[in-house]
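Engineer: Take a look at run35.cif, mmCIF, C-alpha atoms:
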```cif
data_structure
loop_
_atom_site.label_atom_id
_atom_site.label_comp_id
_atom_site.auth_asym_id
_atom_site.auth_seq_id
_atom_site.Cartn_x
_atom_site.Cartn_y
_atom_site.Cartn_z
CA MET A 1 7.69 -58.46 -36.39
CA THR A 2 7.56 -54.83 -35.34
CA GLY A 3 8.75 -55.73 -31.85
CA GLY A 4 11.69 -57.69 -33.26
CA THR A 5 12.68 -54.78 -35.47
CA SER A 6 12.61 -52.35 -32.54
CA ARG A 7 14.80 -54.68 -30.49
CA HIS A 8 17.41 -54.91 -33.23
CA ARG A 9 17.24 -51.24 -34.20
CA ARG A 10 16.84 -49.59 -30.83
CA ARG A 11 17.21 -45.83 -31.08
CA PRO A 12 19.79 -44.24 -28.77
CA THR A 13 18.62 -42.41 -25.67
CA TYR A 14 19.74 -38.78 -25.59
CA THR A 15 20.57 -37.37 -22.17
CA ALA A 16 22.44 -34.57 -20.44
CA PRO A 17 26.11 -35.30 -19.56
CA PRO A 18 25.92 -37.93 -16.74
CA ASP A 19 28.54 -36.19 -14.54
CA GLY A 20 29.48 -39.52 -12.99
CA ASP A 21 28.39 -43.18 -13.13
CA TRP A 22 30.24 -44.80 -16.05
CA GLY A 23 31.99 -41.47 -16.57
CA TRP A 24 34.45 -42.28 -13.77
CA VAL A 25 35.37 -45.52 -15.57
CA VAL A 26 35.96 -43.39 -18.67
CA VAL A 27 38.23 -41.14 -16.58
CA ILE A 28 40.30 -44.20 -15.56
CA GLY A 29 40.59 -45.30 -19.19
CA SER A 30 41.53 -41.80 -20.33
CA PHE A 31 44.10 -41.50 -17.53
CA VAL A 32 45.73 -44.73 -18.75
CA CYS A 33 45.79 -43.35 -22.30
CA MET A 34 47.42 -40.12 -21.13
CA PHE A 35 49.99 -42.09 -19.13
CA VAL A 36 50.96 -44.18 -22.15
CA ALA A 37 50.74 -41.33 -24.68
CA PHE A 38 53.19 -39.13 -22.79
CA GLY A 39 55.18 -41.85 -21.03
CA PHE A 40 56.40 -43.63 -24.16
CA PRO A 41 57.93 -40.57 -25.92
CA ARG A 42 59.75 -39.62 -22.69
CA ASN A 43 61.67 -42.91 -22.91
CA LEU A 44 62.90 -42.52 -26.45
CA GLY A 45 65.99 -40.48 -25.58
CA LEU A 46 67.36 -43.65 -23.98
CA PHE A 47 67.23 -45.43 -27.34
CA ILE A 48 69.34 -43.00 -29.37
CA GLU A 49 72.83 -44.25 -28.49
CA PRO A 50 72.15 -48.02 -28.71
CA ILE A 51 70.20 -47.62 -31.97
CA VAL A 52 72.99 -45.49 -33.48
CA ASP A 53 75.48 -48.24 -32.60
CA ASP A 54 73.21 -51.07 -33.80
CA PHE A 55 72.38 -49.43 -37.14
CA GLU A 56 75.86 -47.92 -37.56
CA SER A 57 74.12 -44.61 -38.15
CA THR A 58 74.54 -41.07 -36.79
CA THR A 59 72.72 -39.09 -34.11
CA GLY A 60 70.99 -36.79 -36.65
CA PRO A 61 68.57 -39.21 -38.38
CA ILE A 62 68.00 -41.33 -35.25
CA GLY A 63 67.34 -38.17 -33.21
CA LEU A 64 64.76 -37.12 -35.81
CA ILE A 65 63.05 -40.53 -35.59
CA VAL A 66 62.75 -40.48 -31.79
CA SER A 67 61.39 -36.91 -31.87
CA LEU A 68 58.54 -37.84 -34.22
CA PRO A 69 56.15 -39.44 -31.67
CA ILE A 70 55.80 -36.37 -29.43
CA THR A 71 55.63 -34.07 -32.48
CA LEU A 72 52.96 -36.13 -34.25
CA LEU A 73 51.05 -36.66 -31.00
CA LEU A 74 50.30 -32.94 -31.12
CA THR A 75 50.34 -32.00 -34.81
CA THR A 76 47.83 -34.69 -35.80
CA GLY A 77 45.28 -32.92 -33.58
CA PRO A 78 42.95 -31.65 -36.34
CA ILE A 79 42.79 -35.09 -37.98
CA SER A 80 42.18 -36.77 -34.61
CA GLY A 81 39.41 -34.30 -33.83
CA ILE A 82 37.62 -34.91 -37.12
CA LEU A 83 37.94 -38.68 -36.63
CA CYS A 84 36.45 -38.39 -33.12
CA LYS A 85 33.47 -36.58 -34.61
CA LYS A 86 33.09 -39.06 -37.46
CA VAL A 87 33.47 -42.44 -35.71
CA GLY A 88 33.54 -41.54 -32.00
CA SER A 89 36.24 -41.52 -29.32
CA ARG A 90 36.12 -45.29 -28.69
CA LEU A 91 37.05 -46.37 -32.22
CA THR A 92 39.51 -43.49 -32.59
CA CYS A 93 41.39 -44.51 -29.43
CA ILE A 94 41.35 -48.23 -30.31
CA LEU A 95 42.70 -47.44 -33.79
CA GLY A 96 45.43 -45.36 -32.15
CA GLY A 97 46.47 -48.25 -29.93
CA ILE A 98 46.58 -50.68 -32.85
CA LEU A 99 48.70 -48.30 -34.96
CA ALA A 100 51.15 -47.69 -32.10
CA CYS A 101 51.47 -51.43 -31.38
CA LEU A 102 51.91 -52.26 -35.06
CA GLY A 103 54.61 -49.60 -35.38
CA LEU A 104 56.61 -50.84 -32.40
CA GLY A 105 56.34 -54.39 -33.72
CA ILE A 106 57.95 -53.18 -36.96
CA ALA A 107 60.65 -51.29 -35.02
CA PHE A 108 61.47 -54.41 -32.97
CA SER A 109 62.09 -56.57 -36.05
CA THR A 110 63.55 -54.20 -38.63
CA THR A 111 67.18 -53.69 -39.60
CA ASN A 112 66.33 -50.91 -42.07
CA GLU A 113 66.52 -47.27 -41.02
CA LEU A 114 63.49 -46.23 -43.11
CA TRP A 115 61.29 -48.90 -41.55
CA LEU A 116 62.65 -47.91 -38.15
CA GLY A 117 61.39 -44.37 -38.82
CA ILE A 118 57.96 -45.71 -39.76
CA GLY A 119 57.82 -48.16 -36.86
CA LEU A 120 59.34 -46.13 -34.04
CA GLY A 121 58.33 -42.64 -35.17
CA LEU A 122 55.47 -42.32 -37.65
CA LEU A 123 52.94 -44.99 -36.60
CA PRO A 124 53.32 -44.56 -32.81
CA GLY A 125 53.13 -40.77 -33.20
CA ILE A 126 49.86 -40.93 -35.12
CA GLY A 127 48.46 -43.61 -32.81
CA LEU A 128 49.30 -41.70 -29.63
CA GLY A 129 47.80 -38.54 -31.13
CA LEU A 130 44.51 -40.31 -31.85
CA ALA A 131 44.34 -41.69 -28.29
CA TYR A 132 45.26 -38.34 -26.70
CA THR A 133 42.54 -36.35 -28.46
CA ALA A 134 39.95 -39.10 -27.97
CA SER A 135 40.64 -39.14 -24.21
CA VAL A 136 39.92 -35.43 -23.85
CA VAL A 137 36.86 -35.44 -26.13
CA ILE A 138 35.11 -38.36 -24.40
CA VAL A 139 35.58 -36.85 -20.93
CA SER A 140 34.06 -33.58 -22.18
CA ARG A 141 30.97 -35.56 -23.20
CA TYR A 142 30.52 -37.37 -19.89
CA PHE A 143 31.04 -34.39 -17.61
CA GLU A 144 29.60 -30.88 -17.37
CA LYS A 145 29.44 -29.71 -13.75
CA LYS A 146 32.39 -31.91 -12.74
CA PHE A 147 34.31 -31.41 -15.98
CA ILE A 148 37.16 -29.51 -14.29
CA ILE A 149 37.77 -32.35 -11.83
CA ALA A 150 37.54 -35.09 -14.47
CA ASN A 151 39.73 -33.16 -16.94
CA GLY A 152 42.33 -32.46 -14.25
CA LEU A 153 42.46 -36.12 -13.22
CA ILE A 154 43.11 -37.45 -16.72
CA PHE A 155 45.84 -34.87 -17.30
CA LEU A 156 47.63 -36.18 -14.20
CA GLY A 157 48.59 -39.15 -16.36
CA GLY A 158 51.24 -37.04 -18.10
CA PRO A 159 53.35 -35.91 -15.11
CA ILE A 160 52.96 -39.23 -13.31
CA SER A 161 54.32 -41.02 -16.38
CA PHE A 162 57.05 -38.39 -16.36
CA LEU A 163 58.10 -39.64 -12.91
CA ILE A 164 57.75 -43.38 -13.54
CA CYS A 165 58.53 -44.11 -17.20
CA PRO A 166 62.15 -42.84 -17.42
CA ILE A 167 63.15 -44.96 -14.39
CA MET A 168 61.22 -47.95 -15.75
CA GLY A 169 62.68 -47.48 -19.23
CA GLU A 170 66.25 -47.27 -17.98
CA SER A 171 65.80 -50.46 -15.93
CA LEU A 172 64.33 -52.31 -18.92
CA MET A 173 67.14 -51.11 -21.18
CA GLU A 174 69.81 -52.37 -18.78
CA ALA A 175 68.08 -55.74 -18.38
CA TYR A 176 66.89 -56.48 -21.95
CA GLY A 177 68.49 -54.08 -24.44
CA TRP A 178 66.67 -51.68 -26.75
CA ARG A 179 64.91 -54.21 -29.01
CA ARG A 180 63.30 -56.23 -26.23
CA THR A 181 62.40 -53.02 -24.42
CA ILE A 182 60.59 -51.92 -27.59
CA LEU A 183 58.78 -55.26 -27.60
CA LEU A 184 57.66 -54.74 -23.99
CA TRP A 185 56.42 -51.26 -24.89
CA CYS A 186 54.59 -52.87 -27.80
CA GLY A 187 52.50 -54.67 -25.19
CA LEU A 188 52.18 -51.64 -22.95
CA VAL A 189 50.76 -49.41 -25.70
CA LEU A 190 47.97 -51.96 -26.18
CA ASN A 191 46.57 -50.45 -22.99
CA LEU A 192 45.35 -47.71 -25.35
CA VAL A 193 42.99 -50.33 -26.78
CA VAL A 194 41.83 -51.18 -23.25
CA GLY A 195 41.33 -47.50 -22.44
CA GLY A 196 39.45 -46.98 -25.69
CA THR A 197 37.18 -49.95 -25.00
CA LEU A 198 36.08 -48.26 -21.77
CA MET A 199 35.00 -45.13 -23.72
CA LYS A 200 31.36 -46.16 -24.07
CA PRO A 201 29.55 -43.73 -26.41
CA VAL A 202 27.10 -41.33 -24.79
CA PHE A 203 24.37 -39.58 -26.78
CA LEU A 204 23.77 -36.03 -25.61
CA LEU A 205 20.83 -33.67 -26.06
CA ARG A 206 23.23 -31.02 -27.33
CA ASP A 207 24.04 -33.36 -30.25
CA LEU A 208 20.43 -33.06 -31.41
CA GLU A 209 20.66 -29.26 -31.27
CA VAL A 210 23.93 -29.22 -33.23
CA ASN A 211 22.53 -31.64 -35.82
CA GLN A 212 19.41 -29.49 -36.20
CA ASN A 213 21.52 -26.37 -36.71
CA ASN A 214 23.68 -28.17 -39.27
CA SER A 215 20.55 -29.41 -41.04
CA ASN A 216 19.18 -25.87 -41.26
CA GLU A 217 22.56 -24.63 -42.48
CA TYR A 218 22.66 -27.28 -45.22
CA GLU A 219 19.12 -26.40 -46.27
CA LEU A 220 20.18 -22.76 -46.66
CA LEU A 221 23.25 -23.83 -48.61
CA GLU A 222 21.10 -25.96 -50.90
CA THR A 223 18.72 -23.04 -51.44
CA ASP A 224 21.62 -20.71 -52.26
CA HIS A 225 23.09 -23.42 -54.45
CA TYR A 226 20.04 -23.84 -56.69
CA THR A 227 19.35 -20.11 -56.73
CA ASN A 228 22.84 -19.50 -58.03
CA ILE A 229 22.37 -22.21 -60.65
CA GLU A 230 19.25 -20.53 -61.93
CA GLN A 231 20.86 -17.09 -61.91
CA ASN A 232 24.30 -17.96 -63.23
CA GLY A 233 23.81 -21.29 -64.95
CA ASN A 234 27.13 -22.43 -63.51
CA HIS A 235 26.22 -25.75 -61.90
CA GLN A 236 29.73 -27.22 -61.52
CA GLU A 237 31.26 -24.08 -59.97
CA ASN A 238 28.54 -23.85 -57.32
CA ARG A 239 28.85 -27.53 -56.46
CA ILE A 240 32.59 -27.05 -55.86
CA TRP A 241 31.96 -23.94 -53.74
CA LYS A 242 29.43 -25.82 -51.62
CA LYS A 243 31.91 -28.67 -51.12
CA ILE A 244 34.57 -26.21 -49.97
CA LYS A 245 32.16 -24.65 -47.48
CA ASP A 246 31.18 -28.09 -46.17
CA ILE A 247 34.83 -29.09 -45.64
CA ALA A 248 35.64 -25.78 -43.98
CA SER A 249 32.70 -26.20 -41.61
CA TYR A 250 33.65 -29.80 -40.84
CA CYS A 251 37.21 -28.74 -39.95
CA GLY A 252 35.98 -25.86 -37.78
CA LEU A 253 37.74 -23.19 -39.85
CA GLU A 254 35.01 -20.70 -38.96
CA LEU A 255 36.52 -20.55 -35.46
CA PHE A 256 39.46 -18.54 -36.82
CA ARG A 257 37.11 -16.04 -38.42
CA ASP A 258 34.37 -15.74 -35.83
CA ASN A 259 36.13 -16.14 -32.47
CA LEU A 260 38.93 -13.72 -31.61
CA MET A 261 39.44 -15.40 -28.25
CA PHE A 262 40.13 -18.70 -29.98
CA ASP A 263 42.77 -16.96 -32.12
CA LEU A 264 44.42 -15.57 -28.97
CA ILE A 265 44.37 -19.00 -27.29
CA MET A 266 46.02 -20.48 -30.40
CA VAL A 267 48.84 -17.91 -30.23
CA ILE A 268 49.42 -18.48 -26.50
CA ILE A 269 49.42 -22.27 -26.92
CA PHE A 270 51.97 -21.89 -29.74
CA LEU A 271 54.25 -19.75 -27.53
CA ASN A 272 53.81 -22.18 -24.63
CA GLY A 273 54.74 -25.11 -26.87
CA PHE A 274 57.85 -23.27 -28.07
CA SER A 275 59.08 -22.48 -24.57
CA TYR A 276 58.07 -25.70 -22.79
CA ASP A 277 59.54 -28.21 -25.22
CA SER A 278 62.70 -26.13 -25.67
CA TRP A 279 63.19 -26.12 -21.91
CA LEU A 280 62.35 -29.83 -21.65
CA ILE A 281 64.89 -30.88 -24.27
CA PHE A 282 67.79 -28.67 -23.23
CA VAL A 283 67.55 -28.18 -19.45
CA ILE A 284 69.71 -31.26 -18.74
CA PRO A 285 72.37 -30.38 -21.39
CA GLN A 286 72.43 -26.89 -19.82
CA ALA A 287 73.07 -28.43 -16.40
CA GLU A 288 75.89 -30.53 -17.85
CA GLU A 289 77.39 -27.42 -19.43
CA LEU A 290 77.47 -25.81 -15.97
CA ASP A 291 79.31 -28.86 -14.56
CA ILE A 292 76.38 -29.76 -12.32
CA PRO A 293 76.91 -33.30 -10.95
CA ASP A 294 75.27 -36.02 -13.06
CA GLU A 295 73.19 -37.30 -10.15
CA ILE A 296 71.65 -33.82 -9.71
CA SER A 297 71.20 -33.26 -13.47
CA ALA A 298 69.33 -36.54 -13.79
CA LEU A 299 66.89 -35.43 -11.07
CA ILE A 300 66.00 -32.06 -12.61
CA LEU A 301 63.14 -33.47 -14.70
CA THR A 302 61.99 -35.52 -11.71
CA PHE A 303 61.79 -32.33 -9.62
CA ALA A 304 59.90 -30.65 -12.47
CA GLY A 305 57.56 -33.65 -12.65
CA ILE A 306 56.81 -33.39 -8.93
CA GLY A 307 56.11 -29.68 -9.42
CA SER A 308 53.81 -30.52 -12.34
CA VAL A 309 51.77 -32.96 -10.22
CA ILE A 310 51.43 -30.27 -7.53
CA GLY A 311 50.39 -27.75 -10.19
CA ARG A 312 47.73 -29.99 -11.70
CA LEU A 313 46.21 -30.80 -8.35
CA SER A 314 46.26 -27.09 -7.48
CA GLN A 315 44.57 -26.23 -10.77
CA ILE A 316 41.71 -28.63 -9.97
CA GLY A 317 41.20 -26.99 -6.58
CA ILE A 318 41.46 -23.42 -7.87
CA LEU A 319 38.84 -23.92 -10.56
CA HIS A 320 36.55 -26.29 -8.67
CA TRP A 321 36.22 -23.90 -5.72
CA LYS A 322 36.20 -20.89 -8.08
CA LEU A 323 39.12 -19.14 -6.42
CA LEU A 324 40.01 -17.73 -9.86
CA SER A 325 38.35 -17.79 -13.27
CA THR A 326 39.77 -20.09 -15.94
CA TYR A 327 41.31 -17.13 -17.75
CA ASN A 328 42.91 -15.65 -14.65
CA THR A 329 44.26 -19.07 -13.61
CA TRP A 330 45.84 -19.38 -17.07
CA LEU A 331 47.23 -15.86 -16.77
CA PHE A 332 48.73 -16.60 -13.34
CA ALA A 333 50.38 -19.80 -14.59
CA ASN A 334 51.88 -18.08 -17.64
CA VAL A 335 53.28 -15.23 -15.51
CA LEU A 336 54.75 -17.74 -13.04
CA ALA A 337 56.32 -19.71 -15.92
CA ALA A 338 57.81 -16.51 -17.36
CA LEU A 339 59.32 -15.53 -14.00
CA ALA A 340 60.88 -18.98 -13.56
CA LEU A 341 62.43 -18.91 -17.05
CA ILE A 342 63.68 -15.32 -16.60
CA MET A 343 65.43 -16.23 -13.36
CA ASP A 344 67.18 -19.27 -14.85
CA PRO A 345 69.71 -17.43 -17.08
CA LEU A 346 70.11 -14.61 -14.53
CA PHE A 347 71.41 -16.88 -11.75
CA HIS A 348 72.61 -19.75 -13.97
CA ASN A 349 73.83 -22.14 -11.28
CA MET A 350 72.86 -25.50 -9.79
CA TYR A 351 70.59 -24.18 -7.05
CA SER A 352 68.73 -21.79 -9.34
CA ILE A 353 68.16 -24.43 -12.04
CA VAL A 354 66.76 -26.94 -9.54
CA THR A 355 64.61 -24.32 -7.76
CA PHE A 356 63.20 -22.77 -10.90
CA SER A 357 62.65 -26.19 -12.50
CA VAL A 358 60.26 -27.01 -9.65
CA ILE A 359 58.53 -23.61 -10.02
CA TYR A 360 58.30 -24.04 -13.79
CA GLY A 361 56.91 -27.53 -13.24
CA VAL A 362 54.15 -26.09 -11.02
CA ALA A 363 53.35 -23.43 -13.64
CA THR A 364 53.16 -25.91 -16.52
CA GLY A 365 51.15 -28.28 -14.33
CA ILE A 366 48.54 -25.56 -13.92
CA LYS A 367 48.39 -24.30 -17.51
CA MET A 368 48.78 -27.46 -19.62
CA PRO A 369 45.40 -29.08 -18.72
CA LEU A 370 43.52 -25.80 -19.20
CA ALA A 371 43.14 -26.02 -22.99
CA PRO A 372 39.90 -28.09 -22.88
CA VAL A 373 38.50 -25.84 -20.12
CA LEU A 374 39.32 -22.73 -22.15
CA VAL A 375 37.54 -24.28 -25.14
CA ARG A 376 34.50 -24.91 -22.95
CA ASP A 377 34.45 -21.32 -21.65
CA PHE A 378 35.27 -19.37 -24.82
CA VAL A 379 34.38 -21.60 -27.78
CA GLY A 380 31.71 -24.04 -26.60
CA ILE A 381 32.08 -27.63 -25.46
CA GLU A 382 30.21 -28.91 -28.52
CA LYS A 383 33.18 -27.83 -30.68
CA ILE A 384 35.90 -29.33 -28.49
CA HIS A 385 36.80 -32.07 -31.00
CA VAL A 386 37.91 -29.57 -33.66
CA ALA A 387 39.05 -26.73 -31.36
CA PHE A 388 41.25 -28.96 -29.20
CA GLY A 389 42.72 -30.51 -32.34
CA TRP A 390 43.77 -27.09 -33.67
CA LEU A 391 45.25 -26.14 -30.29
CA ASN A 392 47.32 -29.33 -30.29
CA LEU A 393 48.58 -28.47 -33.77
CA ALA A 394 49.63 -25.00 -32.57
CA ARG A 395 51.48 -26.49 -29.61
CA GLY A 396 53.16 -29.10 -31.80
CA VAL A 397 54.39 -26.54 -34.34
CA GLY A 398 55.66 -24.37 -31.49
CA ALA A 399 57.50 -27.33 -29.96
CA LEU A 400 59.09 -28.22 -33.29
CA LEU A 401 60.26 -24.65 -33.95
CA GLY A 402 61.42 -24.23 -30.35
CA GLY A 403 63.63 -27.30 -30.32
CA THR A 404 65.09 -26.48 -33.74
CA SER A 405 65.76 -22.82 -32.82
CA MET A 406 67.41 -23.77 -29.52
CA GLY A 407 69.76 -26.16 -31.29
CA MET A 408 70.72 -23.54 -33.88
CA LEU A 409 71.30 -20.86 -31.24
CA HIS A 410 73.47 -23.20 -29.19
CA SER A 411 75.54 -24.04 -32.27
CA TYR A 412 76.01 -20.30 -32.94
CA TYR A 413 76.82 -19.14 -29.38
CA ASP A 414 78.35 -22.42 -28.12
CA SER A 415 76.43 -21.80 -24.88
CA TYR A 416 72.93 -22.43 -23.51
CA ARG A 417 72.71 -19.05 -21.79
CA GLN A 418 71.52 -17.13 -24.89
CA PRO A 419 69.05 -19.81 -26.04
CA PHE A 420 67.46 -19.88 -22.58
CA ILE A 421 67.13 -16.07 -22.68
CA VAL A 422 65.16 -16.50 -25.92
CA VAL A 423 62.93 -19.11 -24.25
CA ALA A 424 62.28 -16.69 -21.37
CA VAL A 425 61.39 -13.92 -23.84
CA VAL A 426 58.94 -16.16 -25.74
CA GLN A 427 57.17 -17.23 -22.53
CA SER A 428 57.08 -13.58 -21.37
CA MET A 429 55.36 -12.65 -24.66
CA ALA A 430 52.59 -15.12 -23.81
CA ALA A 431 52.17 -13.58 -20.35
CA VAL A 432 52.09 -10.03 -21.73
CA LEU A 433 49.48 -10.92 -24.37
CA LEU A 434 47.24 -12.37 -21.67
CA ILE A 435 47.70 -9.37 -19.36
CA PHE A 436 46.78 -6.87 -22.06
CA LYS A 437 44.01 -8.86 -23.75
CA PRO A 438 41.38 -6.53 -25.27
CA ARG A 439 38.09 -6.63 -23.39
CA ASP A 440 36.08 -7.72 -26.41
CA PHE A 441 38.11 -10.95 -26.85
CA GLY A 442 35.41 -13.22 -25.46
CA ARG A 443 33.90 -13.38 -22.03
CA GLN A 444 35.64 -14.18 -18.74
#
```
Would you mind giving the structure from this file in structure tokens?
Structural biologist:
Amino acid sequence: MTGGTSRHRRRPTYTAPPDGDWGWVVVIGSFVCMFVAFGFPRNLGLFIEPIVDDFESTTGPIGLIVSLPITLLLTTGPISGILCKKVGSRLTCILGGILACLGLGIAFSTTNELWLGIGLGLLPGIGLGLAYTASVVIVSRYFEKKFIIANGLIFLGGPISFLICPIMGESLMEAYGWRRTILLWCGLVLNLVVGGTLMKPVFLLRDLEVNQNNSNEYELLETDHYTNIEQNGNHQENRIWKKIKDIASYCGLELFRDNLMFDLIMVIIFLNGFSYDSWLIFVIPQAEELDIPDEISALILTFAGIGSVIGRLSQIGILHWKLLSTYNTWLFANVLAALALIMDPLFHNMYSIVTFSVIYGVATGIKMPLAPVLVRDFVGIEKIHVAFGWLNLARGVGALLGGTSMGMLHSYYDSYRQPFIVVAVVQSMAAVLLIFKPRDFGRQ
């Protein structure tokens, strides 16, 4: 009887991060998730015109709908992080795939604009956000010594999708129309479920240490709780205060109070999100404004994507062989990005836009995958689920404000020159903050 019970209720084996073995399968699954999570939103610009015609709507509301997935992918970060901690990366990623597929199924069949917003914007955005965070968190659990390599490899999914998905999406649109293309993407996003299935849970020794610390903390809270009851006789008030402290701890809010380096990283990620997404949305309209041939304008993002792949591979090599520290690599990439964006409005012609798009692609390719590595170095890998979620939120808010501000500035000046100057200034602020970081802001 005892033997049967032990077979059915086998206790998990706690180990150090494997740094390989099944971890490389997890990397493949996470790469697929990254490819889908960033590839699908990059296609949505192709849907605006046919959906506007089909629904007899206007560009405003449809443009808002197609911008929701990339915005929610980032801004749902804190929720995704908490869910990863609560139920694990596997279930979080699978849930994300199901939500995204369900949403696209609704979008395929609906003739109502509200349901289109839910199906094409809301549900896929939340689903992609869950899968994105889960992919990063699970890799951080499987790898320690080889974390930089594994993290860099999964983040290659973004720029590679950047090169493939727009071409694939345009071909599908021409062959099948927007509704059937959505249906095909409905099947493609189910690869998130496949990727999530590969994310086999791993039980780490550091989990036991964190649980022990939390247990001790709760014991202290309980002691304080009952002491306060005896002293003040205010049982209900102290119960509420304890609940608030528990929620704050669960959401990682103490990071903002206790870790100045985390606060700085949040600010830089916000500024990066503002500048990157503004550039991404408006670089092709800027090229059209300058009468750059359509065939060249269409290739600008492809050139930037190639630069991004080069940057991400370079980042893996720089950190793996310790040519620069994580912080100094991030600093270099932000300075390079600032220089590229400064040069754009100064020269403001076809050759400069193409050249500096490649350079900017290299810079973003280096700095974008560094967020999990920065969390490891300055916050602690055991807090990556909440810290990475907050960083995604900062980037998402920055992206939302950046795109909105650029549109308003263009409407005011009737030119993209001034908006791109603002983008250059914002990115330069990030570089300056990193250059003049106070010495006591964490270790390097």
Engineer: In Å to one decimal, how far is CA of Leu120 in chain A from CA of Ile48 in chain A?
Structural biologist: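 Going from CA of Ile48 in chain A over to CA of Leu120 in chain A, I get 11.5 Å.
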Engineer: Which residue out of A:Val373, A:Gly157, A:Ala387, A:Tyr412 has the minimum interatomic distance to Ser325 in chain A when all atoms listed in the file are used?
Structural biologist: A:Val373
Engineer: Can you measure CA of Gly97 in chain A to CA of Val193 in chain A for me? One decimal in Å is fine.
Structural biologist: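 Calculated distance between CA of Gly97 in chain A and CA of Val193 in chain A is 5.1 Å.
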Engineer: Would you kindly return, as a PDB file with C-alpha atoms, keeping the file's coordinate frame, each protein, DNA or RNA residue with an atom no farther than 10 Å from any atom of Ala338 in chain A, considering all atoms listed in the file and excluding same-chain residues fewer than 2 positions away?
Structural biologist:
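Output file selection.pdb follows:
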```pdb
ATOM      1  CA  SER A 275      59.080 -22.480 -24.570  1.00  0.00           C
ATOM      2  CA  PHE A 332      48.730 -16.600 -13.340  1.00  0.00           C
ATOM      3  CA  ALA A 333      50.380 -19.800 -14.590  1.00  0.00           C
ATOM      4  CA  ASN A 334      51.880 -18.080 -17.640  1.00  0.00           C
ATOM      5  CA  VAL A 335      53.280 -15.230 -15.510  1.00  0.00           C
ATOM      6  CA  LEU A 336      54.750 -17.740 -13.040  1.00  0.00           C
ATOM      7  CA  ALA A 340      60.880 -18.980 -13.560  1.00  0.00           C
ATOM      8  CA  LEU A 341      62.430 -18.910 -17.050  1.00  0.00           C
ATOM      9  CA  ILE A 342      63.680 -15.320 -16.600  1.00  0.00           C
ATOM     10  CA  MET A 343      65.430 -16.230 -13.360  1.00  0.00           C
ATOM     11  CA  TYR A 360      58.300 -24.040 -13.790  1.00  0.00           C
ATOM     12  CA  ALA A 363      53.350 -23.430 -13.640  1.00  0.00           C
ATOM     13  CA  VAL A 423      62.930 -19.110 -24.250  1.00  0.00           C
ATOM     14  CA  ALA A 424      62.280 -16.690 -21.370  1.00  0.00           C
ATOM     15  CA  VAL A 425      61.390 -13.920 -23.840  1.00  0.00           C
ATOM     16  CA  VAL A 426      58.940 -16.160 -25.740  1.00  0.00           C
ATOM     17  CA  GLN A 427      57.170 -17.230 -22.530  1.00  0.00           C
ATOM     18  CA  SER A 428      57.080 -13.580 -21.370  1.00  0.00           C
ATOM     19  CA  MET A 429      55.360 -12.650 -24.660  1.00  0.00           C
ATOM     20  CA  ALA A 430      52.590 -15.120 -23.810  1.00  0.00           C
ATOM     21  CA  ALA A 431      52.170 -13.580 -20.350  1.00  0.00           C
ATOM     22  CA  VAL A 432      52.090 -10.030 -21.730  1.00  0.00           C
TER      23      VAL A 432
END
```
Engineer: Extract, using all atoms listed in the file, all DNA, RNA and protein residues at most 10 Å from range 253-266 of chain A, discarding same-chain residues fewer than 4 positions from it, and format them as a PyMOL selection string.
Structural biologist: chain A and resi 245+247-249+270-272+371+374-375+378-379+383+386-388+390-395+430+433-434+437-438+440-443
Engineer: Quick one, how far is CA of Asn328 in chain A from CA of Val362 in chain A?
Structural biologist: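 Value for the CA of Asn328 in chain A-CA of Val362 in chain A distance: 15.8 Å.
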Engineer: Evaluate the PyMOL selection byres ((chain A and resi 136) around 9) on the structure here and hand back the selected residues as a ChimeraX atom specification.
Structural biologist: /A:30,89,131-135,137-141,151,154-155,372,384-385,388
Engineer: Write out as a VMD selection string each polymer residue whose atoms come within 12 Å of Gly117 in chain A, counting all atoms listed in the file; drop sequence neighbours fewer than 6 positions from it.
Structural biologist: chain A and resid 51 61 to 69 103 to 104 106 to 108 110 to 111 123 to 125
Engineer: Using only C-alpha atoms, give me every residue within 10 Å of (56.1, -29.2, -33.7) in file coordinates, as a PyMOL selection string.
Structural biologist: chain A and resi 67-68+70-75+270+273-274+277+392-404
Engineer: Closest to Gly23 in chain A among A:Ser171, A:Tyr142, A:Ser308, A:Ile244, using only C-alpha atoms?
Structural biologist: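 Once distances to Gly23 in chain A are computed over only C-alpha atoms, the minimum belongs to A:Tyr142.
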Engineer: With only C-alpha atoms as the basis for distance, which of A:Leu188, A:Ile284, A:Tyr416, A:Ile268 is at the shortest distance from Ala298 in chain A?
Structural biologist: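 So, comparing all the options, the nearest one is A:Ile284.
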